[in-house]
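The file query28.cif comes next; it holds mmCIF, C-alpha atoms and all ligand atoms.
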```
data_query
loop_
_atom_site.label_atom_id
_atom_site.label_comp_id
_atom_site.auth_asym_id
_atom_site.auth_seq_id
_atom_site.Cartn_x
_atom_site.Cartn_y
_atom_site.Cartn_z
CA MET I 25 -10.77 22.72 -41.82
CA ASN I 26 -8.16 24.48 -43.92
CA SER I 27 -6.62 27.63 -42.57
CA GLU I 28 -5.85 30.69 -44.64
CA LEU I 29 -2.23 31.57 -45.23
CA GLN I 30 -0.68 33.16 -42.18
CA PRO I 31 2.63 34.86 -41.63
CA ALA I 32 4.55 32.91 -39.02
CA TYR I 33 7.83 32.36 -37.24
CA VAL I 34 8.99 29.05 -35.84
CA LEU I 35 9.56 29.24 -32.09
CA HIS I 36 10.63 25.69 -31.46
CA VAL I 37 11.01 22.37 -33.24
CA ARG I 38 10.70 18.98 -31.58
CA SER I 39 11.15 15.64 -33.26
CA TYR I 40 8.04 13.55 -33.52
CA ARG I 41 8.19 9.88 -34.45
CA GLU I 42 10.90 9.04 -36.94
CA THR I 43 10.60 11.71 -39.59
CA SER I 44 8.00 14.19 -38.37
CA GLY I 45 8.17 17.24 -36.20
CA LEU I 46 6.01 19.14 -33.76
CA ILE I 47 6.58 22.77 -34.48
CA ASP I 48 5.59 25.74 -32.34
CA PHE I 49 4.74 28.81 -34.39
CA ILE I 50 3.80 32.36 -33.58
CA THR I 51 1.23 33.93 -35.90
CA PRO I 52 -0.64 37.23 -35.71
CA GLU I 53 -4.18 35.87 -35.84
CA TYR I 54 -3.87 32.53 -34.09
CA GLY I 55 -1.21 33.39 -31.56
CA ARG I 56 1.11 30.60 -30.56
CA LEU I 57 0.21 27.22 -31.98
CA THR I 58 1.73 23.79 -32.41
CA LEU I 59 1.46 22.01 -35.76
CA LEU I 60 2.46 18.58 -36.91
CA ALA I 61 4.93 18.69 -39.79
CA LYS I 62 4.74 15.28 -41.41
CA GLY I 63 7.88 13.77 -42.83
CA PHE I 64 9.73 17.03 -42.58
CA LYS I 65 13.00 15.27 -41.91
CA SER I 66 12.81 12.99 -44.89
CA GLY I 67 14.71 13.75 -48.05
CA LYS I 68 11.68 14.32 -50.21
CA ALA I 69 10.09 17.08 -48.20
CA ARG I 70 13.33 19.03 -47.73
CA ARG I 71 11.49 21.56 -45.71
CA LYS I 72 13.48 21.11 -42.58
CA SER I 73 16.14 23.59 -43.52
CA TYR I 74 13.82 26.54 -43.31
CA LEU I 75 11.47 25.21 -40.67
CA GLN I 76 13.80 26.76 -38.15
CA PRO I 77 13.49 29.72 -35.81
CA PHE I 78 14.03 33.31 -36.98
CA ARG I 79 12.85 32.83 -40.55
CA LYS I 80 9.76 34.55 -41.81
CA LEU I 81 7.38 32.03 -43.30
CA THR I 82 3.91 31.86 -44.72
CA ILE I 83 2.11 28.80 -43.46
CA ALA I 84 -1.25 27.07 -43.67
CA TRP I 85 -2.60 24.06 -41.84
CA ALA I 86 -5.50 21.67 -41.89
CA GLY I 87 -7.16 19.11 -39.69
CA ARG I 88 -10.09 18.51 -37.41
CA GLY I 89 -8.53 17.33 -34.19
CA GLU I 90 -6.60 19.16 -31.53
CA LEU I 91 -3.33 18.74 -33.41
CA LYS I 92 -3.48 20.29 -36.87
CA THR I 93 -1.15 19.40 -39.70
CA LEU I 94 1.08 21.89 -41.44
CA THR I 95 0.14 21.86 -45.12
CA THR I 96 2.11 24.79 -46.53
CA ALA I 97 5.29 26.46 -45.43
CA GLU I 98 7.22 28.89 -47.55
CA GLU I 99 10.04 31.18 -46.75
CA VAL I 100 9.03 34.70 -47.70
CA GLU I 101 12.14 36.74 -46.96
CA ALA I 102 15.87 36.36 -46.88
CA PRO I 103 16.61 35.01 -43.42
CA LEU I 104 17.87 37.34 -40.71
CA VAL I 105 21.46 36.85 -39.80
CA LEU I 106 21.57 35.91 -36.14
CA GLU I 107 24.84 34.37 -35.09
CA ASP I 108 26.68 33.64 -31.91
CA LYS I 109 25.46 35.84 -29.08
CA LEU I 110 22.62 37.14 -31.23
CA LEU I 111 21.48 33.59 -31.85
CA VAL I 112 21.43 32.89 -28.13
CA SER I 113 19.55 36.17 -27.60
CA GLY I 114 17.03 35.06 -30.21
CA LEU I 115 16.50 31.81 -28.33
CA TYR I 116 15.91 33.84 -25.19
CA VAL I 117 13.32 35.94 -27.03
CA ASN I 118 11.61 32.71 -28.10
CA GLU I 119 11.67 31.18 -24.65
CA LEU I 120 10.24 34.28 -23.05
CA LEU I 121 7.43 34.42 -25.58
CA THR I 122 6.68 30.75 -25.07
CA ARG I 123 6.57 31.13 -21.32
CA LEU I 124 4.48 34.30 -21.26
CA LEU I 125 2.01 33.82 -24.09
CA HIS I 126 -0.62 31.15 -23.70
CA PRO I 127 -1.34 28.98 -26.75
CA HIS I 128 -4.10 30.12 -29.09
CA ASP I 129 -4.16 33.62 -27.67
CA PRO I 130 -4.29 35.78 -30.79
CA HIS I 131 -2.16 38.84 -30.42
CA ALA I 132 -1.23 40.78 -33.55
CA GLU I 133 0.70 43.37 -31.52
CA ILE I 134 2.89 40.71 -29.95
CA PHE I 135 3.60 39.21 -33.36
CA ALA I 136 4.65 42.66 -34.58
CA LEU I 137 6.75 43.19 -31.46
CA TYR I 138 8.39 39.81 -31.89
CA GLU I 139 9.22 40.50 -35.50
CA GLN I 140 10.60 43.94 -34.75
CA THR I 141 12.72 42.51 -31.94
CA LEU I 142 14.31 39.96 -34.26
CA ARG I 143 15.06 42.67 -36.79
CA ASP I 144 16.52 44.91 -34.09
CA LEU I 145 18.67 42.06 -32.83
CA SER I 146 20.11 41.46 -36.28
CA THR I 147 21.06 45.12 -36.70
CA ALA I 148 21.36 46.67 -33.25
CA ALA I 149 24.52 47.87 -31.61
CA SER I 150 23.31 46.90 -28.14
CA VAL I 151 21.79 43.48 -27.67
CA GLU I 152 21.02 44.29 -24.05
CA LEU I 153 18.95 47.29 -24.99
CA VAL I 154 16.92 45.30 -27.52
CA LEU I 155 16.22 42.59 -24.94
CA ARG I 156 15.21 45.04 -22.20
CA ASN I 157 12.81 46.83 -24.54
CA TYR I 158 11.35 43.51 -25.66
CA GLU I 159 10.78 42.43 -22.05
CA LYS I 160 9.19 45.75 -21.18
CA ASN I 161 6.97 45.82 -24.26
CA ILE I 162 5.80 42.25 -24.06
CA LEU I 163 4.69 42.78 -20.45
CA GLU I 164 2.91 45.93 -21.56
CA GLU I 165 1.09 44.05 -24.34
CA LEU I 166 0.04 41.34 -21.92
CA GLY I 167 -1.39 43.89 -19.53
CA TYR I 168 1.40 43.76 -16.96
CA GLY I 169 3.02 47.03 -17.99
CA LEU I 170 5.52 48.69 -15.67
CA LEU I 171 5.13 52.11 -14.15
CA LEU I 172 8.16 54.04 -15.38
CA ASP I 173 7.27 57.73 -15.36
CA VAL I 174 5.52 58.33 -12.04
CA ASP I 175 5.64 56.68 -8.61
CA VAL I 176 2.75 54.83 -7.00
CA ASP I 177 1.26 58.14 -5.85
CA GLY I 178 1.37 59.64 -9.32
CA THR I 179 4.29 61.97 -8.62
CA ALA I 180 6.78 62.31 -11.48
CA LEU I 181 9.94 60.26 -10.89
CA ASP I 182 13.02 62.14 -9.79
CA PRO I 183 16.15 60.98 -11.66
CA LYS I 184 18.29 61.79 -8.62
CA SER I 185 16.27 59.71 -6.13
CA GLN I 186 16.33 56.05 -5.22
CA TYR I 187 13.14 54.03 -5.60
CA CYS I 188 11.92 50.69 -4.45
CA TYR I 189 9.97 48.95 -7.21
CA LEU I 190 7.03 46.90 -5.96
CA PRO I 191 6.03 44.34 -8.58
CA GLU I 192 2.27 44.75 -8.24
CA SER I 193 2.10 48.50 -7.86
CA GLY I 194 5.22 50.38 -9.01
CA PRO I 195 8.01 52.58 -7.64
CA ILE I 196 7.99 54.10 -4.15
CA LYS I 197 10.55 56.73 -3.23
CA SER I 198 12.80 54.95 -0.71
CA ASP I 199 16.47 54.41 0.07
CA ARG I 200 15.97 50.91 1.38
CA PRO I 201 13.99 47.91 0.17
CA VAL I 202 10.41 47.76 1.42
CA GLY I 203 7.65 45.20 0.95
CA GLY I 204 9.75 42.73 -1.05
CA GLY I 205 10.52 45.30 -3.72
CA MET I 206 13.75 46.03 -5.58
CA LEU I 207 15.88 49.13 -5.11
CA LEU I 208 17.05 51.14 -8.11
CA SER I 209 17.61 54.70 -9.26
CA GLY I 210 14.93 57.00 -10.64
CA GLU I 211 17.26 57.65 -13.55
CA THR I 212 17.20 54.01 -14.62
CA LEU I 213 13.42 53.86 -14.38
CA LEU I 214 13.04 56.96 -16.52
CA SER I 215 15.52 55.65 -19.09
CA MET I 216 13.66 52.35 -19.26
CA GLY I 217 10.46 54.30 -19.82
CA CYS I 218 11.82 55.93 -22.94
CA GLY I 219 13.68 52.80 -24.05
CA GLN I 220 17.10 54.45 -23.96
CA LEU I 221 19.40 52.89 -21.39
CA ARG I 222 22.75 54.59 -20.94
CA GLY I 223 25.80 53.29 -19.19
CA GLU I 224 26.66 50.18 -17.24
CA LYS I 225 24.66 51.05 -14.16
CA GLU I 226 21.40 51.57 -16.02
CA LEU I 227 21.88 48.41 -18.06
CA LYS I 228 22.60 46.41 -14.94
CA GLU I 229 19.75 47.84 -12.87
CA SER I 230 17.21 47.44 -15.64
CA LYS I 231 18.31 43.85 -16.19
CA MET I 232 17.88 43.10 -12.49
CA LEU I 233 14.48 44.75 -12.43
CA MET I 234 13.22 42.85 -15.48
CA ARG I 235 14.49 39.61 -14.02
CA PHE I 236 12.72 40.40 -10.77
CA ILE I 237 9.43 41.31 -12.46
CA LEU I 238 9.48 38.51 -15.04
CA GLY I 239 10.08 36.02 -12.24
CA ARG I 240 6.54 36.71 -11.10
CA TYR I 241 5.00 35.84 -14.44
CA ILE I 242 7.03 32.94 -15.70
CA GLY I 243 6.57 30.77 -12.63
CA GLU I 244 8.96 28.64 -10.62
CA LYS I 245 11.06 27.29 -13.47
CA PRO I 246 13.90 29.68 -14.33
CA LEU I 247 14.46 30.67 -17.95
CA LYS I 248 16.76 28.06 -19.39
CA THR I 249 18.33 30.24 -22.07
CA ARG I 250 19.90 32.39 -19.33
CA GLU I 251 22.35 29.54 -18.77
CA LEU I 252 23.59 30.01 -22.31
CA PHE I 253 24.77 33.52 -21.48
CA ARG I 254 27.28 32.15 -18.97
CA TYR I 255 30.29 33.35 -20.93
CA TYR I 256 29.15 36.93 -21.40
CA MET S 5 -7.67 -11.77 -36.06
CA SER S 6 -5.21 -12.96 -33.47
CA LEU S 7 -3.18 -16.09 -34.25
CA SER S 8 -1.45 -16.38 -30.96
CA PRO S 9 -0.67 -14.09 -28.07
CA LEU S 10 3.05 -14.73 -28.53
CA ILE S 11 3.02 -13.70 -32.20
CA ASP S 12 1.00 -10.64 -31.27
CA LYS S 13 3.57 -9.80 -28.68
CA LEU S 14 6.39 -10.19 -31.19
CA ILE S 15 4.62 -7.96 -33.70
CA GLU S 16 4.04 -5.39 -31.03
CA SER S 17 7.66 -5.53 -29.87
CA LEU S 18 9.02 -5.04 -33.37
CA GLN S 19 7.19 -1.75 -33.52
CA VAL S 20 9.70 -0.21 -31.13
CA LEU S 21 11.95 0.08 -34.17
CA PRO S 22 11.91 3.50 -35.82
CA GLY S 23 9.69 3.65 -38.90
CA VAL S 24 8.13 0.25 -38.24
CA GLY S 25 4.36 0.23 -38.06
CA PRO S 26 1.98 -2.70 -37.46
CA LYS S 27 2.07 -3.87 -41.07
CA SER S 28 5.80 -4.04 -41.51
CA ALA S 29 6.14 -5.49 -38.00
CA GLN S 30 3.82 -8.32 -39.02
CA ARG S 31 5.81 -8.92 -42.18
CA MET S 32 9.04 -9.06 -40.18
CA ALA S 33 7.59 -11.41 -37.59
CA PHE S 34 6.39 -13.91 -40.21
CA TYR S 35 9.61 -13.65 -42.16
CA LEU S 36 11.67 -14.42 -39.08
CA LEU S 37 9.44 -17.29 -37.96
CA GLU S 38 8.85 -18.89 -41.34
CA ARG S 39 12.00 -18.28 -43.30
CA ASN S 40 14.85 -17.33 -41.09
CA ARG S 41 14.79 -18.94 -37.69
CA ASP S 42 18.58 -18.99 -37.44
CA GLY S 43 18.75 -15.30 -38.19
CA ALA S 44 16.04 -14.67 -35.64
CA GLN S 45 17.92 -16.70 -33.06
CA SER S 46 21.14 -14.82 -33.53
CA LEU S 47 19.31 -11.48 -33.65
CA SER S 48 17.72 -12.19 -30.31
CA GLU S 49 21.04 -13.20 -28.78
CA VAL S 50 22.94 -10.21 -30.11
CA LEU S 51 20.18 -7.87 -29.08
CA GLN S 52 20.19 -9.27 -25.58
CA ASP S 53 23.95 -9.04 -25.39
CA ALA S 54 24.03 -5.49 -26.75
CA VAL S 55 21.35 -4.21 -24.41
CA GLU S 56 23.11 -5.73 -21.42
CA ASN S 57 26.64 -4.76 -22.28
CA ILE S 58 26.76 -1.62 -24.38
CA GLY S 59 27.20 1.55 -22.43
CA HIS S 60 28.98 4.82 -23.02
CA CYS S 61 32.67 5.39 -23.56
CA SER S 62 34.09 7.05 -20.45
CA GLN S 63 36.07 9.45 -22.59
CA CYS S 64 33.92 10.45 -25.56
CA ARG S 65 30.51 9.04 -24.49
CA THR S 66 29.84 7.23 -27.73
CA LEU S 67 28.30 3.78 -27.49
CA THR S 68 30.65 0.93 -26.68
CA GLU S 69 30.79 -2.27 -24.67
CA HIS S 70 34.25 -1.35 -23.40
CA GLU S 71 35.33 1.20 -20.86
CA ARG S 72 36.77 3.21 -23.73
CA CYS S 73 35.67 2.94 -27.35
CA SER S 74 38.01 1.72 -30.06
CA ILE S 75 38.68 5.25 -31.32
CA CYS S 76 39.61 6.65 -27.92
CA ALA S 77 41.71 3.59 -27.17
CA ASN S 78 43.62 3.82 -30.44
CA PRO S 79 47.08 5.31 -29.70
CA ALA S 80 47.50 6.26 -33.37
CA ARG S 81 44.75 8.87 -33.17
CA ASP S 82 45.74 12.48 -32.67
CA GLU S 83 44.51 13.55 -29.25
CA SER S 84 45.22 17.23 -29.89
CA GLN S 85 42.16 17.40 -32.15
CA LEU S 86 38.70 16.91 -30.74
CA CYS S 87 35.61 16.78 -32.93
CA ILE S 88 32.28 17.56 -31.24
CA VAL S 89 29.23 15.77 -32.63
CA GLU S 90 25.65 15.40 -31.45
CA ASN S 91 25.16 11.65 -31.83
CA PRO S 92 27.10 8.39 -31.94
CA SER S 93 25.93 7.92 -35.53
CA ASP S 94 27.71 11.18 -36.43
CA VAL S 95 30.99 9.66 -35.22
CA MET S 96 30.56 6.86 -37.71
CA LEU S 97 29.60 9.27 -40.49
CA VAL S 98 32.54 11.62 -39.99
CA ASN S 99 34.93 8.74 -39.52
CA LYS S 100 33.83 7.08 -42.70
CA ALA S 101 33.54 10.18 -44.88
CA THR S 102 36.67 12.06 -43.88
CA GLY S 103 40.30 11.28 -43.21
CA TYR S 104 39.98 12.73 -39.72
CA LYS S 105 42.50 11.17 -37.35
CA GLY S 106 41.64 12.98 -34.13
CA LEU S 107 39.27 12.08 -31.32
CA TYR S 108 35.59 12.74 -30.77
CA PHE S 109 33.28 13.94 -28.05
CA VAL S 110 29.63 12.97 -28.36
CA LEU S 111 27.12 15.39 -26.85
CA MET S 112 24.20 12.94 -27.03
CA GLY S 113 21.98 15.80 -28.18
CA HIS S 114 22.21 19.57 -28.31
CA LEU S 115 21.37 22.54 -26.15
CA SER S 116 17.62 22.95 -26.23
CA PRO S 117 16.53 25.46 -23.63
CA LEU S 118 12.84 25.15 -24.49
CA ASP S 119 13.06 21.43 -23.72
CA GLY S 120 14.91 22.16 -20.50
CA ILE S 121 18.28 21.05 -21.83
CA GLY S 122 21.01 23.46 -20.81
CA PRO S 123 24.79 23.08 -20.50
CA ASP S 124 24.52 21.01 -17.33
CA GLU S 125 21.92 18.61 -18.71
CA LEU S 126 24.12 18.13 -21.74
CA GLY S 127 27.05 17.19 -19.50
CA LEU S 128 29.33 19.92 -20.79
CA GLU S 129 31.19 19.77 -17.49
CA GLN S 130 32.87 16.60 -18.70
CA LEU S 131 33.94 18.41 -21.86
CA ALA S 132 35.23 21.32 -19.78
CA GLN S 133 37.44 18.93 -17.81
CA ARG S 134 38.73 17.47 -21.03
CA LEU S 135 39.60 20.95 -22.30
CA ASP S 136 41.23 21.81 -18.98
CA SER S 137 43.56 18.84 -19.31
CA GLY S 138 45.61 20.88 -21.80
CA ILE S 139 45.87 18.11 -24.37
CA VAL S 140 43.33 19.47 -26.84
CA GLU S 141 44.65 22.11 -29.25
CA GLU S 142 41.79 22.29 -31.73
CA LEU S 143 38.07 21.77 -31.30
CA ILE S 144 36.16 20.93 -34.46
CA LEU S 145 32.49 21.68 -34.03
CA ALA S 146 30.38 19.37 -36.13
CA THR S 147 26.94 19.88 -34.59
CA ASN S 148 23.91 19.86 -36.85
CA PRO S 149 23.26 23.07 -38.82
CA THR S 150 20.04 23.80 -36.94
CA VAL S 151 19.47 26.85 -34.76
CA GLU S 152 20.00 24.79 -31.63
CA GLY S 153 22.98 22.97 -33.08
CA GLU S 154 24.50 26.36 -33.90
CA ALA S 155 23.78 27.68 -30.42
CA THR S 156 25.43 24.58 -28.96
CA SER S 157 28.41 25.03 -31.19
CA HIS S 158 28.67 28.68 -30.24
CA TYR S 159 28.50 27.91 -26.52
CA ILE S 160 31.23 25.30 -26.81
CA SER S 161 33.38 27.62 -28.90
CA GLU S 162 33.15 30.12 -26.03
CA MET S 163 34.31 27.40 -23.63
CA ALA S 164 37.28 26.86 -25.93
CA ARG S 165 38.01 30.54 -26.40
CA LYS S 166 38.08 31.09 -22.65
CA ARG S 167 40.80 28.46 -22.44
CA GLY S 168 42.74 29.72 -25.43
CA ILE S 169 41.88 26.67 -27.55
CA ARG S 170 41.30 27.09 -31.27
CA ALA S 171 37.75 26.24 -32.36
CA THR S 172 36.64 25.59 -35.93
CA ARG S 173 33.33 24.56 -37.38
CA LEU S 174 32.29 22.75 -40.51
CA ALA S 175 31.65 24.91 -43.54
CA HIS S 176 27.97 25.28 -44.40
CA GLY S 177 26.80 25.43 -47.91
CA VAL S 178 25.35 24.17 -51.07
CA PRO S 179 25.18 20.39 -51.16
CA LEU S 180 27.34 18.67 -53.73
CA GLY S 181 25.31 17.44 -56.64
CA GLY S 182 22.56 19.93 -55.86
CA GLU S 183 21.26 22.76 -57.99
CA LEU S 184 21.08 26.30 -56.68
CA GLU S 185 17.42 26.47 -57.57
CA PHE S 186 16.60 23.86 -54.97
CA VAL S 187 18.75 25.24 -52.20
CA ASP S 188 16.77 27.20 -49.61
CA GLY S 189 17.50 30.87 -48.96
CA GLY S 190 19.21 30.33 -45.63
CA THR S 191 21.67 27.76 -46.92
CA LEU S 192 22.38 29.86 -49.96
CA SER S 193 23.00 33.02 -47.93
CA GLN S 194 25.28 31.08 -45.57
CA ALA S 195 27.18 29.59 -48.48
CA PHE S 196 27.43 33.01 -50.06
CA SER S 197 28.85 34.65 -46.97
CA ASP S 198 31.26 31.75 -46.42
CA ARG S 199 32.52 31.90 -50.02
CA ARG S 200 36.23 31.45 -50.48
CA ASP S 201 39.01 32.49 -52.79
CA LEU S 202 39.77 30.37 -55.81
ZN ZN C 1 35.45 7.02 -26.92
#
```

The structure in this file should be written as structure tokens.
Amino acid sequence: MNSELQPAYVLHVRSYRETSGLIDFITPEYGRLTLLAKGFKSGKARRKSYLQPFRKLTIAWAGRGELKTLTTAEEVEAPLVLEDKLLVSGLYVNELLTRLLHPHDPHAEIFALYEQTLRDLSTAASVELVLRNYEKNILEELGYGLLLDVDVDGTALDPKSQYCYLPESGPIKSDRPVGGGMLLSGETLLSMGCGQLRGEKELKESKMLMRFILGRYIGEKPLKTRELFRYY
Amino acid sequence: MSLSPLIDKLIESLQVLPGVGPKSAQRMAFYLLERNRDGAQSLSEVLQDAVENIGHCSQCRTLTEHERCSICANPARDESQLCIVENPSDVMLVNKATGYKGLYFVLMGHLSPLDGIGPDELGLEQLAQRLDSGIVEELILATNPTVEGEATSHYISEMARKRGIRATRLAHGVPLGGELEFVDGGTLSQAFSDRRDL
């Protein structure tokens, strides 16, 4: 079976045997998939340099078995410039996608979200804001969206009140933690809802909330890329 | 067709070598047995010796049978410069290709969060101690120009910056002897942005 050409980004590259690689891609129509790139490290193929994360490619693959072989890979755009902290943020974006999205789960919206997030990272003034919006939107796309305009009873959130966010249901007006939830201000929740976080407190609270919520979906193992943010 | 279980075992064992499949393993086995028994004998002895006695240098972690490797133990090398590489083979490459007179630190890999390899797994604590000793004045980051190699290099440069140590990295660019037409977009854009005055 030969696939049609698909837009794709590399999420992760692992060495396979001496000169080959197992490459995780994200595509709009086939979701996240792993392909065998034969001889991609050898001099002749010379493909390795762009079979790297954060580069927009067009790919095709072929094969009958479980593991398909990459047959075409071309770079279609000038690569995004992600350096230093942005590079680490990009790796975080990749890890989160890998942990949340099951293989072979086609999701054109998530592909679009992923692509937009990389673009935003390469141009944005606030990395934190881009990451929080990505976390919020990916959960939304996967059907785990947060409740950020009304409380669990459907009453509009009050920016001046404190809320306790319960992972399964949403915010409850409360000054103290209840039912294993996390306390934060109504103002932060509302700002998260419109994707416009302002000030240290909102950035900090929203980060804590996303960490708290994501923890429920990514399982026991903590996100490894967080360790790379140690110096920020 | 099996000639003998021992030959089969030899052929199978030779396939642990990178890039050696059943066919070339068979060719090697017959060559060693038929034409070069002395070579085979010494190969087996050296291999045995190496596997038993080669470990990691306590200072730079490259492969050596001594407590410290010959580079670290050489008093003529400049200990104020430390070059960070991913693999022991990179030490040999840099040493051979450049006139570098400083010391090395071998990461034995790179940061690879999706494979569960973070700063602790990579043993960066040992590097931190080395930087804390106050001897190192310049870190030269020579990790591979992959996304993960770059992330590793960036992380280590932050370790250096926090301690007020200068960090440099290798220039990236168009390979010598290459033609622009065959250079991929990423390399070209990197080379373009790293252009220098003439
Ligand atoms: Zn050494």

Practice problem: Define the interface residues of chain I facing chain S as those within 10 Å, counting only C-alpha atoms, and report them as a ChimeraX atom specification. | Solution: /I:35-38,41-43,70-79,98-116,118-120,122-123,245-256

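You will find atom CA of Arg65 of chain S at 10.8 Å from atom CA of Val95 of chain S.
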
Practice problem: Around ligand ZN 1 (chain C), at most 10 Å away and counting all atoms listed in the file, which residues are there? Put them as JSON, numbers by chain, please. | Solution: {"S": [60, 61, 62, 63, 64, 65, 66, 67, 68, 70, 71, 72, 73, 74, 75, 76, 77, 78, 92, 95, 107, 108, 109, 110]}

Quiz item: Given the choices I:Glu192, I:Glu211, I:Glu226, I:Glu159, which gets closest to Ala180 of chain I if the distance is worked out from all atoms listed in the file?
Solution: I:Glu211

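Proximity ranking of I:Cys188, I:Leu124, I:Ala32, I:Val117 relative to Leu142 of chain I places I:Val117 first, based on all atoms listed in the file.
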
Quiz item: In Å to one decimal, how far is atom CA of Met206 of chain I from atom CA of Leu190 of chain I?
Solution: 6.8 Å

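Coordinates place atom CA of Gly203 of chain I at a distance of 18.6 Å from atom CA of Leu172 of chain I.
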
List as a compact mmCIF listing (two decimals) with C-alpha atoms, in the coordinates of the input the protein and nucleic acid residues near Tyr40 of chain I, meaning an atom at most 9 Å away when all atoms listed in the file are counted, but skip any in the same chain fewer than 3 places from it.
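For reference, selection-v6.txt as written:
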```
# COMPACT_ATOMS: atom_id res chain seq x y z
CA THR I 43 10.60 11.71 -39.59
CA SER I 44 8.00 14.19 -38.37
CA GLY I 45 8.17 17.24 -36.20
CA LEU I 46 6.01 19.14 -33.76
CA LEU I 60 2.46 18.58 -36.91
CA ALA I 61 4.93 18.69 -39.79
CA LYS I 62 4.74 15.28 -41.41
```

Exercise. For each of I:Glu133, I:Ser193, I:Pro52, I:Ala97, take the minimum atom-to-atom distance to Tyr168 of chain I, counting all atoms listed in the file, then give the residue where this is smallest.
Key: I:Ser193

Exercise. May I have the protein, DNA and RNA residues with any atom at most 9 Å from the point (34.6, 18.6, -30.4), counting all atoms listed in the file, written as a ChimeraX atom specification?
Key: /S:85-89,107-111,131,142-147,157,160,171
